[in-house]
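Undergrad: Okay, here's the structure, questions in a sec.
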Amino acid sequence: PRYGIVEIDREGNIVWTHLDEKISHDVDRLENGNTLYVFGSNDEKSDPQVKEINPEGEIVWEWYAENHFNSDEYSNIYNEGWTHTNAVVRLENNNTLISPRNFNLLVEVDQKGNIVNIIGEDYLIEAHDPSIIENGNILVATHTTPQAAVEINIETDEVIWEFEMPRDTHPTRDANQLPNGNILITGSTMIVEVTPDKEIVWQFIIKDGISPPTPASAAGFYKAERIEA
């Protein structure tokens, strides 16, 4: 199979591609024109979990989890890959925030790839899609019971806000802050918009039976974005 990145304009034309069979889950276009992406689906210890490439497709930066987590605590982990890294974010300080899902934490690494901050080690479960919100904190989905979205102070590693999903939405994979300050959370069977006071103001639900014999949790949502009209 041919895996990779495809950039498509509003008219549906392919304007840029980059093929890489070791890519999955997340890709970002950076301000400098480079592209940052992850590989975690069935990754091995020898694989780079994050790559940054220039517009010509040349690798300009890589990050290997093996250089930092090759210890007894992590060596025997394997669940759809060693790390199953599912997200990467380039921060304003030029550090990089990475989500190695199977390790139940987030890492902030500097430009040399050194870990400068470990986040959520004591409370995140299979974290998904961390993002930096307006106040500089991290918003991330976590597979706790019940499924939840949490806001974390990146400096103190404290959870300062949490919303538990009102129905079984395993897995919950995405949480985004909207321009109005509300949070849009995507679970497998439910997309919900909540206020900072945790009031549900909008929701969309998929029910079992829509696409039998597949259960809704398997046929449901992965990510959602609010599009400006």
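In the structure tokens, chains take letters A, B, ... by order of appearance, with residues numbered from 1 within each chain and ligands from 1 in the order shown.
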Just the residues within 6 Å of region 83-92 of chain A, please, counting only C-alpha atoms, with nothing from its chain fewer than 4 positions along; format it as a list in words.
TA: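 Once the adjacent positions are removed, what remains is His25, Asp26, Gly40, Ser41, Thr96, Leu97, Ile98, Ser99, Pro100, Arg101, Asn102 and Asp129 of chain A.
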Undergrad: Identify, on the basis of only C-alpha atoms, every residue whose closest approach to region 155-170 of chain A does not exceed 6 Å; exclude the query and any residue fewer than 2 positions from it along the same chain; express the result as a list in words.
TA: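 Residues meeting the cut-off are Ile119, Gln147, Ala148, Ala149, Val150, Glu151, Ile152, Asn153, Thr172, Gly187, Ser188 and Thr189 of chain A.
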Undergrad: Identify, on the basis of only C-alpha atoms, every residue whose closest approach to Tyr74 (chain A) does not exceed 8 Å; exclude the query and any residue fewer than 4 positions from it along the same chain; express the result as a PDB file with C-alpha atoms, in the first residue's frame.
TA:
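Everything below was put into around.pdb:
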ATOM      1  CA  PHE A  69      12.382   5.055  26.791  1.00  0.00           C
ATOM      2  CA  ASN A  70      14.574   2.011  26.183  1.00  0.00           C
ATOM      3  CA  PHE A 103       3.156   5.134  27.438  1.00  0.00           C
TER       4      PHE A 103
END
Undergrad: Quick check for you: according to DSSP on this backbone, which residues of region 52-185 of chain A are classed as alpha helix (DSSP H)? Reply as a list in words.
TA: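 Put together, the selection reads Glu66, Asn67, His68, Phe69, Asp72, Glu73, Tyr74 and Ser75 of chain A.
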Undergrad: Would you mind exporting all heavy atoms of the selected residues as a compact mmCIF listing (two decimals), in the first residue's frame?
TA:
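That gives us again-v5.txt:
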# COMPACT_ATOMS: atom_id res chain seq x y z
N GLU A 66 13.07 5.45 21.27
CA GLU A 66 14.03 4.48 21.78
C GLU A 66 15.19 5.14 22.51
O GLU A 66 15.76 4.57 23.46
CB GLU A 66 14.57 3.64 20.62
CG GLU A 66 15.55 2.55 21.05
CD GLU A 66 16.10 1.77 19.89
OE1 GLU A 66 16.12 2.31 18.76
OE2 GLU A 66 16.53 0.62 20.10
N ASN A 67 15.54 6.35 22.11
CA ASN A 67 16.67 7.05 22.74
C ASN A 67 16.35 7.48 24.17
O ASN A 67 17.26 7.86 24.91
CB ASN A 67 17.06 8.27 21.92
CG ASN A 67 17.63 7.90 20.56
OD1 ASN A 67 18.11 6.79 20.38
ND2 ASN A 67 17.57 8.82 19.61
N HIS A 68 15.08 7.44 24.55
CA HIS A 68 14.68 7.97 25.86
C HIS A 68 13.87 6.98 26.70
O HIS A 68 13.79 7.15 27.92
CB HIS A 68 13.85 9.25 25.65
CG HIS A 68 14.48 10.22 24.71
ND1 HIS A 68 15.44 11.12 25.10
CD2 HIS A 68 14.32 10.40 23.37
CE1 HIS A 68 15.84 11.82 24.04
NE2 HIS A 68 15.16 11.41 23.00
N PHE A 69 13.27 5.98 26.07
CA PHE A 69 12.38 5.05 26.79
C PHE A 69 12.82 3.60 26.64
O PHE A 69 12.02 2.69 26.83
CB PHE A 69 10.94 5.22 26.29
CG PHE A 69 10.31 6.53 26.67
CD1 PHE A 69 10.30 7.59 25.77
CD2 PHE A 69 9.73 6.70 27.92
CE1 PHE A 69 9.72 8.81 26.11
CE2 PHE A 69 9.14 7.91 28.27
CZ PHE A 69 9.14 8.97 27.36
N ASP A 72 13.42 -1.09 31.12
CA ASP A 72 12.56 -2.23 31.46
C ASP A 72 11.09 -1.83 31.57
O ASP A 72 10.20 -2.60 31.24
CB ASP A 72 13.03 -2.86 32.76
CG ASP A 72 14.39 -3.55 32.63
OD1 ASP A 72 14.79 -3.82 31.48
OD2 ASP A 72 15.03 -3.81 33.67
N GLU A 73 10.85 -0.62 32.06
CA GLU A 73 9.47 -0.17 32.27
C GLU A 73 8.69 -0.11 30.96
O GLU A 73 7.47 -0.33 30.94
CB GLU A 73 9.48 1.20 32.93
CG GLU A 73 8.09 1.74 33.24
CD GLU A 73 8.14 3.10 33.92
OE1 GLU A 73 9.27 3.60 34.17
OE2 GLU A 73 7.06 3.66 34.20
N TYR A 74 9.37 0.18 29.86
CA TYR A 74 8.69 0.38 28.59
C TYR A 74 9.03 -0.66 27.53
O TYR A 74 8.34 -0.74 26.50
CB TYR A 74 9.04 1.76 28.03
CG TYR A 74 8.60 2.90 28.91
CD1 TYR A 74 9.49 3.51 29.80
CD2 TYR A 74 7.28 3.37 28.88
CE1 TYR A 74 9.08 4.55 30.62
CE2 TYR A 74 6.87 4.40 29.70
CZ TYR A 74 7.77 4.98 30.56
OH TYR A 74 7.36 6.02 31.38
N SER A 75 10.05 -1.47 27.74
CA SER A 75 10.58 -2.31 26.67
C SER A 75 9.59 -3.36 26.18
O SER A 75 9.62 -3.74 25.01
CB SER A 75 11.88 -2.99 27.13
OG SER A 75 11.64 -3.82 28.25
Undergrad: Check region 31-224 of chain A with DSSP on the backbone and list each residue it calls strand (DSSP E or B), as a PyMOL selection string.
TA: chain A and resi 35-38+50-53+59-63+85-90+96-100+106-109+115-119+128-132+138-142+148-153+158-164+172-177+183-187+190-194+200-205
Undergrad: How many Å separate CA of Trp202 (chain A) from CA of Arg173 (chain A)?
TA: 17.9 Å
Undergrad: Which residues are near Asn95 (chain A)? Cut-off 12 Å, only C-alpha atoms, ignore same chain within fewer than 4 positions. Put them as number ranges by chain.
TA: A: 63, 88-91, 107-117
Undergrad: Within 8 Å of Ile138 (chain A), counting only C-alpha atoms, which residues show up once you throw out same-chain ones fewer than 2 positions away? Write them as a list in words, please.
TA: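 So the residues in contact are Pro130, Ser131, Ile132, Ile133, Gly136, Val140, Glu151, Ile152, Asn153 and Ile154 of chain A.
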Undergrad: I'd like the interatomic distance between CA of Lys223 (chain A) and CA of Thr17 (chain A), to a tenth of an Å.
TA: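 Distance reported for this atom pair: 22.1 Å.
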Undergrad: How many Å separate CA of Asn34 (chain A) from CA of Glu52 (chain A)?
TA: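 Here the two named atoms are 6.7 Å from each other.
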